[in-house]
>>> print(open('final_25.cif').read())   # mmCIF, C-alpha atoms and all ligand atoms
data_entry
loop_
_atom_site.group_PDB
_atom_site.id
_atom_site.type_symbol
_atom_site.label_atom_id
_atom_site.label_comp_id
_atom_site.auth_asym_id
_atom_site.auth_seq_id
_atom_site.Cartn_x
_atom_site.Cartn_y
_atom_site.Cartn_z
ATOM 1 C CA MET M 18 -15.875 -3.498 14.446
ATOM 2 C CA SER M 19 -12.283 -2.902 13.473
ATOM 3 C CA PHE M 20 -10.878 -2.849 10.000
ATOM 4 C CA ARG M 21 -7.310 -3.511 9.023
ATOM 5 C CA ARG M 22 -5.748 -3.182 5.604
ATOM 6 C CA GLU M 23 -2.259 -3.434 4.156
ATOM 7 C CA VAL M 24 -1.933 -2.014 0.649
ATOM 8 C CA VAL M 25 1.011 -2.202 -1.702
ATOM 9 C CA VAL M 26 0.615 0.510 -4.326
ATOM 10 C CA ARG M 27 2.744 1.485 -7.317
ATOM 11 C CA ILE M 28 3.215 5.247 -7.278
ATOM 12 C CA ASP M 29 5.320 6.069 -10.344
ATOM 13 C CA GLY M 30 2.508 5.767 -12.900
ATOM 14 C CA GLY M 31 4.586 3.398 -15.017
ATOM 15 C CA GLY M 32 3.829 -0.071 -16.312
ATOM 16 C CA ASP M 33 0.700 -1.707 -17.679
ATOM 17 C CA ALA M 34 -1.486 -1.690 -14.547
ATOM 18 C CA ALA M 35 -4.037 -4.187 -15.852
ATOM 19 C CA GLY M 36 -1.389 -6.624 -17.043
ATOM 20 C CA ILE M 37 0.634 -6.396 -13.836
ATOM 21 C CA ALA M 38 -2.526 -6.857 -11.746
ATOM 22 C CA ARG M 39 -3.575 -9.905 -13.743
ATOM 23 C CA ARG M 40 -0.162 -11.570 -13.482
ATOM 24 C CA LEU M 41 -0.018 -10.895 -9.750
ATOM 25 C CA ALA M 42 -3.524 -12.286 -9.200
ATOM 26 C CA ASP M 43 -2.593 -15.413 -11.175
ATOM 27 C CA ALA M 44 0.567 -15.841 -9.084
ATOM 28 C CA LEU M 45 -1.314 -15.460 -5.768
ATOM 29 C CA VAL M 46 -3.893 -18.040 -6.910
ATOM 30 C CA GLU M 47 -1.135 -20.365 -8.168
ATOM 31 C CA LEU M 48 0.633 -20.166 -4.785
ATOM 32 C CA ASN M 49 -2.677 -20.888 -2.971
ATOM 33 C CA ILE M 50 -2.366 -17.618 -1.052
ATOM 34 C CA VAL M 51 -5.812 -16.713 -2.389
ATOM 35 C CA VAL M 52 -8.579 -18.639 -4.108
ATOM 36 C CA ASP M 53 -10.347 -17.290 -7.138
ATOM 37 C CA ARG M 54 -12.792 -14.453 -6.755
ATOM 38 C CA ARG M 55 -16.383 -15.028 -5.719
ATOM 39 C CA GLY M 56 -17.758 -12.559 -8.229
ATOM 40 C CA PRO M 57 -17.124 -9.209 -9.872
ATOM 41 C CA ASP M 58 -15.808 -6.569 -7.445
ATOM 42 C CA LEU M 59 -15.598 -9.018 -4.569
ATOM 43 C CA PRO M 60 -12.242 -9.769 -3.060
ATOM 44 C CA TYR M 61 -10.257 -12.931 -3.519
ATOM 45 C CA GLU M 62 -10.677 -15.141 -0.484
ATOM 46 C CA PRO M 63 -7.723 -16.441 1.530
ATOM 47 C CA GLY M 64 -6.329 -19.706 0.202
ATOM 48 C CA PRO M 65 -4.856 -22.725 1.991
ATOM 49 C CA ALA M 66 -1.400 -21.090 1.989
ATOM 50 C CA ALA M 67 -2.579 -17.696 3.345
ATOM 51 C CA ALA M 68 -0.957 -18.312 6.718
ATOM 52 C CA THR M 69 2.475 -18.812 5.098
ATOM 53 C CA VAL M 70 2.827 -15.121 4.189
ATOM 54 C CA LEU M 71 2.282 -13.709 7.672
ATOM 55 C CA GLU M 72 4.831 -12.006 9.860
ATOM 56 C CA PRO M 73 6.851 -14.711 11.636
ATOM 57 C CA GLY M 74 5.111 -15.784 14.845
ATOM 58 C CA VAL M 75 1.710 -14.410 13.817
ATOM 59 C CA GLN M 76 -1.204 -16.847 13.713
ATOM 60 C CA TRP M 77 -3.809 -16.846 10.974
ATOM 61 C CA ALA M 78 -7.208 -15.638 12.181
ATOM 62 C CA ASP M 79 -10.276 -16.376 10.095
ATOM 63 C CA HIS M 80 -12.445 -13.363 9.620
ATOM 64 C CA GLU M 81 -15.555 -13.180 7.516
ATOM 65 C CA ASP M 82 -14.122 -10.172 5.693
ATOM 66 C CA ASN M 83 -10.630 -11.554 4.979
ATOM 67 C CA GLY M 84 -9.858 -10.891 1.360
ATOM 68 C CA VAL M 85 -7.529 -9.501 -1.266
ATOM 69 C CA LYS M 86 -8.565 -6.790 -3.682
ATOM 70 C CA ILE M 87 -6.487 -5.819 -6.679
ATOM 71 C CA HIS M 88 -7.132 -2.363 -8.070
ATOM 72 C CA THR M 89 -6.063 -1.208 -11.519
ATOM 73 C CA GLU M 90 -7.515 2.322 -11.452
ATOM 74 C CA PRO M 91 -5.353 4.936 -9.686
ATOM 75 C CA SER M 92 -6.625 5.754 -6.234
ATOM 76 C CA MET M 93 -5.494 7.364 -2.987
ATOM 77 C CA TYR M 94 -4.633 5.124 -0.028
ATOM 78 C CA HIS M 95 -4.368 6.604 3.427
ATOM 79 C CA SER M 96 -3.323 5.256 6.815
ATOM 80 C CA PHE M 97 -6.148 7.144 8.554
ATOM 81 C CA SER M 98 -5.749 6.877 12.323
ATOM 82 C CA ASN M 99 -2.245 5.472 11.814
ATOM 83 C CA TRP M 100 -1.107 8.443 9.865
ATOM 84 C CA ALA M 101 1.707 10.696 10.995
ATOM 85 C CA ARG M 102 3.410 13.590 9.263
ATOM 86 C CA PRO M 103 6.728 12.572 7.704
ATOM 87 C CA ASN M 104 10.116 13.622 9.007
ATOM 88 C CA CYS M 105 12.842 15.098 6.817
ATOM 89 C CA ASP M 106 15.357 12.505 5.676
ATOM 90 C CA ARG M 107 18.250 14.945 6.188
ATOM 91 C CA CYS M 108 17.557 16.870 9.406
ATOM 92 C CA GLY M 109 14.645 14.953 10.923
ATOM 93 C CA ALA M 110 12.331 17.974 11.163
ATOM 94 C CA ARG M 111 8.644 17.200 10.898
ATOM 95 C CA VAL M 112 6.980 18.744 7.880
ATOM 96 C CA GLY M 113 4.193 21.299 8.456
ATOM 97 C CA THR M 114 0.519 20.316 8.379
ATOM 98 C CA ASP M 115 -0.353 22.814 5.632
ATOM 99 C CA ALA M 116 2.457 21.598 3.379
ATOM 100 C CA VAL M 117 1.327 17.998 3.766
ATOM 101 C CA LYS M 118 -2.286 18.906 3.113
ATOM 102 C CA ALA M 119 -1.327 20.783 -0.067
ATOM 103 C CA ALA M 120 0.791 17.813 -1.179
ATOM 104 C CA PHE M 121 -2.121 15.441 -0.549
ATOM 105 C CA ASP M 122 -4.449 17.574 -2.700
ATOM 106 C CA THR M 123 -1.921 17.789 -5.526
ATOM 107 C CA TRP M 124 -1.337 14.038 -5.490
ATOM 108 C CA LEU M 125 -5.079 13.452 -5.574
ATOM 109 C CA GLY M 126 -4.934 15.227 -8.931
ATOM 110 C CA ALA M 127 -2.618 12.425 -10.081
ATOM 111 C CA THR M 128 0.606 14.460 -9.986
ATOM 112 C CA GLU M 129 3.084 13.417 -7.328
ATOM 113 C CA PRO M 130 4.305 16.637 -5.700
ATOM 114 C CA ALA M 131 7.733 17.403 -4.304
ATOM 115 C CA LEU M 132 7.870 18.343 -0.653
ATOM 116 C CA SER M 133 10.551 20.602 0.832
ATOM 117 C CA CYS M 134 11.769 20.727 4.403
ATOM 118 C CA GLN M 135 11.168 24.172 5.949
ATOM 119 C CA GLU M 136 14.186 23.706 8.219
ATOM 120 C CA CYS M 137 16.999 22.590 5.919
ATOM 121 C CA GLY M 138 15.563 22.839 2.417
ATOM 122 C CA TRP M 139 15.873 19.139 1.574
ATOM 123 C CA SER M 140 13.394 18.373 -1.209
ATOM 124 C CA ALA M 141 12.102 15.126 -2.691
ATOM 125 C CA PRO M 142 8.988 13.676 -4.301
ATOM 126 C CA ILE M 143 6.592 12.985 -1.457
ATOM 127 C CA GLY M 144 6.693 9.268 -2.202
ATOM 128 C CA ASN M 145 10.392 9.286 -1.300
ATOM 129 C CA TRP M 146 9.933 10.908 2.107
ATOM 130 C CA PRO M 147 10.543 8.446 4.911
ATOM 131 C CA ALA M 148 7.137 7.862 6.468
ATOM 132 C CA PRO M 149 6.148 4.713 8.272
ATOM 133 C CA TRP M 150 2.456 5.591 8.036
ATOM 134 C CA PRO M 151 2.010 7.527 4.805
ATOM 135 C CA PHE M 152 -0.603 8.111 2.179
ATOM 136 C CA ALA M 153 0.001 7.392 -1.488
ATOM 137 C CA PHE M 154 -1.742 7.632 -4.825
ATOM 138 C CA GLY M 155 -1.345 5.205 -7.691
ATOM 139 C CA ALA M 156 -2.043 1.914 -9.411
ATOM 140 C CA PRO M 157 -1.973 -0.978 -9.526
ATOM 141 C CA ALA M 158 -2.600 -1.647 -5.858
ATOM 142 C CA VAL M 159 -3.020 -4.866 -3.906
ATOM 143 C CA ALA M 160 -5.083 -4.578 -0.731
ATOM 144 C CA PHE M 161 -4.957 -7.295 1.916
ATOM 145 C CA GLU M 162 -8.087 -6.624 3.929
ATOM 146 C CA ASN M 163 -8.477 -7.852 7.475
ATOM 147 C CA TRP M 164 -5.441 -10.098 7.169
ATOM 148 C CA PRO M 165 -3.054 -10.491 10.067
ATOM 149 C CA PRO M 166 0.239 -8.570 9.598
ATOM 150 C CA LEU M 167 2.136 -9.677 6.487
ATOM 151 C CA ASP M 168 5.684 -10.988 6.351
ATOM 152 C CA PRO M 169 8.018 -8.136 5.273
ATOM 153 C CA GLN M 170 9.737 -10.537 2.875
ATOM 154 C CA PHE M 171 6.413 -11.345 1.203
ATOM 155 C CA LEU M 172 5.582 -7.633 1.005
ATOM 156 C CA GLY M 173 8.956 -7.158 -0.694
ATOM 157 C CA GLU M 174 8.021 -9.781 -3.288
ATOM 158 C CA VAL M 175 4.675 -8.089 -3.941
ATOM 159 C CA ARG M 176 6.450 -4.742 -4.364
ATOM 160 C CA GLU M 177 8.831 -6.333 -6.836
ATOM 161 C CA ALA M 178 5.901 -7.824 -8.766
ATOM 162 C CA LEU M 179 4.282 -4.391 -9.062
ATOM 163 C CA GLY M 180 7.571 -2.910 -10.265
ATOM 164 C CA GLY M 181 8.693 0.717 -10.269
ATOM 165 C CA ARG M 182 8.362 2.746 -7.058
ATOM 166 C CA THR M 183 5.932 1.400 -4.488
ATOM 167 C CA ARG M 184 4.630 2.268 -1.039
ATOM 168 C CA VAL M 185 3.073 0.130 1.669
ATOM 169 C CA ILE M 186 0.098 1.735 3.430
ATOM 170 C CA ARG M 187 -1.170 0.215 6.658
ATOM 171 C CA THR M 188 -4.643 1.263 7.684
ATOM 172 C CA PHE M 189 -6.452 0.595 10.934
ATOM 173 C CA LEU M 190 -9.961 1.836 11.483
HETATM 174 ZN ZN ZN T 201 15.243 18.995 6.841
#
>>> encode(input="final_25.cif", output="structure tokens")
Amino acid sequence: MSFRREVVVRIDGGGDAAGIARRLADALVELNIVVDRRGPDLPYEPGPAAATVLEPGVQWADHEDNGVKIHTEPSMYHSFSNWARPNCDRCGARVGTDAVKAAFDTWLGATEPALSCQECGWSAPIGNWPAPWPFAFGAPAVAFENWPPLDPQFLGEVREALGGRTRVIRTFL
């Protein structure tokens, strides 16, 4: 069985995570993108308007595990088999495996590390490195589980609702 997840996560540690999560959940329910939760810890189910937030041309596919989870406790999100090491924004060099692993461990301790390019010395917080398939730590986070690919414009609106700096993590298992 395959598993697919798109997560939008706030990575700058700012904002009132619980309040932001609650307002976002209310908005998604209001827009009929999800219907109210089935019970504690269970995801919100897709609503009648779920298909309107998909990538253009993508059809909705019902799946018994379709759902949206909204997390308020900081957590690490990883692309797993999608993951690739990031490339330097200045010279394009791929960062070393050990450096990425060290950065991952530091971030897991809730401090976003800076990562430096071994080739040209460019340095930036890891959350600012261009990476189509990254990992990221933070809260709040909105996880669309087993949904078809989301419309980039909708993802942009979710990122705006979370505020601060955000990352989108796409996981396929
Ligand atoms: Zn570089």
>>> closest_atom_pairs(input="final_25.cif", of="chain M", to="ligand ZN 201 (chain T)", cutoff="8 Å", atoms="only C-alpha atoms and all ligand atoms", output="CSV")
residue,atom,partner,partner_atom,distance
M:Asn104,CA,T:ZN201,ZN,7.7
M:Cys105,CA,T:ZN201,ZN,4.6
M:Asp106,CA,T:ZN201,ZN,6.6
M:Arg107,CA,T:ZN201,ZN,5.1
M:Cys108,CA,T:ZN201,ZN,4.1
M:Gly109,CA,T:ZN201,ZN,5.8
M:Ala110,CA,T:ZN201,ZN,5.3
M:Arg111,CA,T:ZN201,ZN,8.0
M:Ser133,CA,T:ZN201,ZN,7.8
M:Cys134,CA,T:ZN201,ZN,4.6
M:Gln135,CA,T:ZN201,ZN,6.6
M:Glu136,CA,T:ZN201,ZN,5.0
M:Cys137,CA,T:ZN201,ZN,4.1
M:Gly138,CA,T:ZN201,ZN,5.9
M:Trp139,CA,T:ZN201,ZN,5.3
>>> resolve_selection(input="final_25.cif", expression="the PyMOL selection byres (((chain M and resi 102) around 9) and not hetatm)", output="ChimeraX atom specification")
/M:100-101,103-104,111-114,117,148,150-151
>>> atom_distance(input="final_25.cif", atom1="atom CA of M:Val85", atom2="atom CA of M:Glu162")
6.0 Å
>>> axis_aligned_box(input="final_25.cif", around="stretch 156-168 of chain M", padding_each_side="8 Å", output="lines of an AutoDock Vina configuration file")
center_x = -1.4
center_y = -4.5
center_z = 0.3
size_x = 30.2
size_y = 28.9
size_z = 35.6
>>> atom_distance(input="final_25.cif", atom1="atom CA of M:Pro65", atom2="atom CA of M:Val46")
10.1 Å
>>> residues_around(input="final_25.cif", residues="M:Gly181", least_positions_apart="4", cutoff="10 Å", atoms="all atoms listed in the file", output="ChimeraX atom specification")
/M:27-32,176-177
>>> atom_distance(input="final_25.cif", atom1="atom CA of M:Asn145", atom2="atom CA of M:Phe121")
14.0 Å
>>> resolve_selection(input="final_25.cif", expression="the PyMOL selection byres (((chain M and resi 67-81) around 12) and not hetatm)", output="PyMOL selection string")
chain M and resi 18-21+23+45-52+60-66+82-85+161-175
>>> closest_residue(input="final_25.cif", among="M:Leu41, M:Ile143, M:Ala120, M:Ala35", to="M:Glu90", atoms="all atoms listed in the file")
M:Ala35
>>> resolve_selection(input="final_25.cif", expression="the PyMOL selection byres (((chain M and resi 187) around 7) and not hetatm)", output="count of residues only")
9
>>> residues_around(input="final_25.cif", residues="M:Phe154", least_positions_apart="2", cutoff="7 Å", atoms="only C-alpha atoms", output="list of chain:residue names")
M:Ile28, M:Pro91, M:Ser92, M:Met93, M:Tyr94, M:Trp124, M:Leu125
>>> residues_around(input="final_25.cif", residues="M:Arg39", least_positions_apart="5", cutoff="9 Å", atoms="all atoms listed in the file", output="ChimeraX atom specification")
/M:34,44,87
>>> decode(input="final_25.cif", residues="stretch 22-117 of chain M", atoms="C-alpha atoms", output="PDB file, in the first residue's frame")
ATOM      1  CA  ARG M  22       1.491  13.172   2.264  1.00  0.00           C
ATOM      2  CA  GLU M  23       1.922  16.880   1.635  1.00  0.00           C
ATOM      3  CA  VAL M  24       2.784  18.887   4.742  1.00  0.00           C
ATOM      4  CA  VAL M  25       2.987  22.632   5.141  1.00  0.00           C
ATOM      5  CA  VAL M  26       5.034  23.390   8.245  1.00  0.00           C
ATOM      6  CA  ARG M  27       6.026  26.660   9.902  1.00  0.00           C
ATOM      7  CA  ILE M  28       9.734  26.533  10.681  1.00  0.00           C
ATOM      8  CA  ASP M  29      10.563  29.846  12.369  1.00  0.00           C
ATOM      9  CA  GLY M  30       9.124  28.967  15.788  1.00  0.00           C
ATOM     10  CA  GLY M  31       7.064  32.156  15.824  1.00  0.00           C
ATOM     11  CA  GLY M  32       3.354  32.698  16.299  1.00  0.00           C
ATOM     12  CA  ASP M  33       0.758  31.080  18.531  1.00  0.00           C
ATOM     13  CA  ALA M  34       0.719  27.554  17.063  1.00  0.00           C
ATOM     14  CA  ALA M  35      -2.536  26.493  18.715  1.00  0.00           C
ATOM     15  CA  GLY M  36      -4.360  29.655  17.687  1.00  0.00           C
ATOM     16  CA  ILE M  37      -3.090  29.534  14.109  1.00  0.00           C
ATOM     17  CA  ALA M  38      -4.010  25.839  13.850  1.00  0.00           C
ATOM     18  CA  ARG M  39      -7.510  26.470  15.163  1.00  0.00           C
ATOM     19  CA  ARG M  40      -8.162  29.363  12.778  1.00  0.00           C
ATOM     20  CA  LEU M  41      -6.871  27.344   9.835  1.00  0.00           C
ATOM     21  CA  ALA M  42      -9.018  24.331  10.752  1.00  0.00           C
ATOM     22  CA  ASP M  43     -12.074  26.595  11.035  1.00  0.00           C
ATOM     23  CA  ALA M  44     -11.315  28.112   7.620  1.00  0.00           C
ATOM     24  CA  LEU M  45     -10.900  24.689   5.949  1.00  0.00           C
ATOM     25  CA  VAL M  46     -14.213  23.526   7.459  1.00  0.00           C
ATOM     26  CA  GLU M  47     -15.913  26.799   6.462  1.00  0.00           C
ATOM     27  CA  LEU M  48     -14.709  26.376   2.859  1.00  0.00           C
ATOM     28  CA  ASN M  49     -15.961  22.743   2.828  1.00  0.00           C
ATOM     29  CA  ILE M  50     -12.454  21.516   2.010  1.00  0.00           C
ATOM     30  CA  VAL M  51     -12.710  19.286   5.082  1.00  0.00           C
ATOM     31  CA  VAL M  52     -15.546  18.199   7.341  1.00  0.00           C
ATOM     32  CA  ASP M  53     -15.219  18.225  11.085  1.00  0.00           C
ATOM     33  CA  ARG M  54     -13.094  15.624  12.785  1.00  0.00           C
ATOM     34  CA  ARG M  55     -14.407  12.166  13.574  1.00  0.00           C
ATOM     35  CA  GLY M  56     -12.827  12.084  17.007  1.00  0.00           C
ATOM     36  CA  PRO M  57      -9.744  13.069  18.969  1.00  0.00           C
ATOM     37  CA  ASP M  58      -6.492  12.476  17.055  1.00  0.00           C
ATOM     38  CA  LEU M  59      -8.296  11.392  13.912  1.00  0.00           C
ATOM     39  CA  PRO M  60      -7.888  13.433  10.785  1.00  0.00           C
ATOM     40  CA  TYR M  61     -10.455  15.740   9.287  1.00  0.00           C
ATOM     41  CA  GLU M  62     -12.170  14.018   6.395  1.00  0.00           C
ATOM     42  CA  PRO M  63     -12.307  15.522   2.903  1.00  0.00           C
ATOM     43  CA  GLY M  64     -15.267  17.831   2.385  1.00  0.00           C
ATOM     44  CA  PRO M  65     -17.463  18.462  -0.659  1.00  0.00           C
ATOM     45  CA  ALA M  66     -15.008  21.100  -1.933  1.00  0.00           C
ATOM     46  CA  ALA M  67     -11.864  18.936  -1.509  1.00  0.00           C
ATOM     47  CA  ALA M  68     -11.474  18.505  -5.258  1.00  0.00           C
ATOM     48  CA  THR M  69     -11.321  22.293  -5.788  1.00  0.00           C
ATOM     49  CA  VAL M  70      -7.867  22.597  -4.192  1.00  0.00           C
ATOM     50  CA  LEU M  71      -6.094  20.049  -6.381  1.00  0.00           C
ATOM     51  CA  GLU M  72      -3.451  20.729  -8.976  1.00  0.00           C
ATOM     52  CA  PRO M  73      -5.207  21.777 -12.196  1.00  0.00           C
ATOM     53  CA  GLY M  74      -6.156  18.720 -14.254  1.00  0.00           C
ATOM     54  CA  VAL M  75      -5.904  16.296 -11.326  1.00  0.00           C
ATOM     55  CA  GLN M  76      -8.998  14.268 -10.460  1.00  0.00           C
ATOM     56  CA  TRP M  77     -10.125  13.622  -6.910  1.00  0.00           C
ATOM     57  CA  ALA M  78      -9.663   9.995  -5.861  1.00  0.00           C
ATOM     58  CA  ASP M  79     -11.507   8.704  -2.821  1.00  0.00           C
ATOM     59  CA  HIS M  80      -9.283   6.778  -0.508  1.00  0.00           C
ATOM     60  CA  GLU M  81     -10.264   5.342   2.826  1.00  0.00           C
ATOM     61  CA  ASP M  82      -7.327   7.130   4.440  1.00  0.00           C
ATOM     62  CA  ASN M  83      -7.850  10.586   2.892  1.00  0.00           C
ATOM     63  CA  GLY M  84      -7.611  13.123   5.656  1.00  0.00           C
ATOM     64  CA  VAL M  85      -6.111  16.304   7.029  1.00  0.00           C
ATOM     65  CA  LYS M  86      -4.198  16.418  10.283  1.00  0.00           C
ATOM     66  CA  ILE M  87      -3.224  19.651  11.968  1.00  0.00           C
ATOM     67  CA  HIS M  88      -0.331  19.427  14.394  1.00  0.00           C
ATOM     68  CA  THR M  89       0.480  22.051  17.007  1.00  0.00           C
ATOM     69  CA  GLU M  90       3.472  20.351  18.662  1.00  0.00           C
ATOM     70  CA  PRO M  91       6.812  20.823  16.859  1.00  0.00           C
ATOM     71  CA  SER M  92       7.824  17.770  14.894  1.00  0.00           C
ATOM     72  CA  MET M  93      10.183  16.710  12.114  1.00  0.00           C
ATOM     73  CA  TYR M  94       8.760  16.092   8.634  1.00  0.00           C
ATOM     74  CA  HIS M  95      10.805  14.218   6.082  1.00  0.00           C
ATOM     75  CA  SER M  96      10.349  13.399   2.406  1.00  0.00           C
ATOM     76  CA  PHE M  97      11.694   9.864   2.921  1.00  0.00           C
ATOM     77  CA  SER M  98      12.162   8.160  -0.443  1.00  0.00           C
ATOM     78  CA  ASN M  99      11.655  11.517  -2.171  1.00  0.00           C
ATOM     79  CA  TRP M 100      14.458  13.135  -0.316  1.00  0.00           C
ATOM     80  CA  ALA M 101      17.520  14.541  -2.024  1.00  0.00           C
ATOM     81  CA  ARG M 102      20.434  16.517  -0.652  1.00  0.00           C
ATOM     82  CA  PRO M 103      20.075  20.246  -1.319  1.00  0.00           C
ATOM     83  CA  ASN M 104      22.170  22.189  -3.791  1.00  0.00           C
ATOM     84  CA  CYS M 105      23.925  25.447  -2.951  1.00  0.00           C
ATOM     85  CA  ASP M 106      21.927  28.491  -3.996  1.00  0.00           C
ATOM     86  CA  ARG M 107      25.086  30.277  -5.186  1.00  0.00           C
ATOM     87  CA  CYS M 108      27.264  27.686  -6.940  1.00  0.00           C
ATOM     88  CA  GLY M 109      24.930  24.701  -7.259  1.00  0.00           C
ATOM     89  CA  ALA M 110      27.241  22.262  -5.456  1.00  0.00           C
ATOM     90  CA  ARG M 111      25.501  19.466  -3.609  1.00  0.00           C
ATOM     91  CA  VAL M 112      26.042  19.545   0.128  1.00  0.00           C
ATOM     92  CA  GLY M 113      27.841  16.592   1.763  1.00  0.00           C
ATOM     93  CA  THR M 114      25.936  13.732   3.392  1.00  0.00           C
ATOM     94  CA  ASP M 115      27.635  14.191   6.776  1.00  0.00           C
ATOM     95  CA  ALA M 116      26.840  17.907   6.877  1.00  0.00           C
ATOM     96  CA  VAL M 117      23.184  17.235   6.123  1.00  0.00           C
TER      97      VAL M 117
END
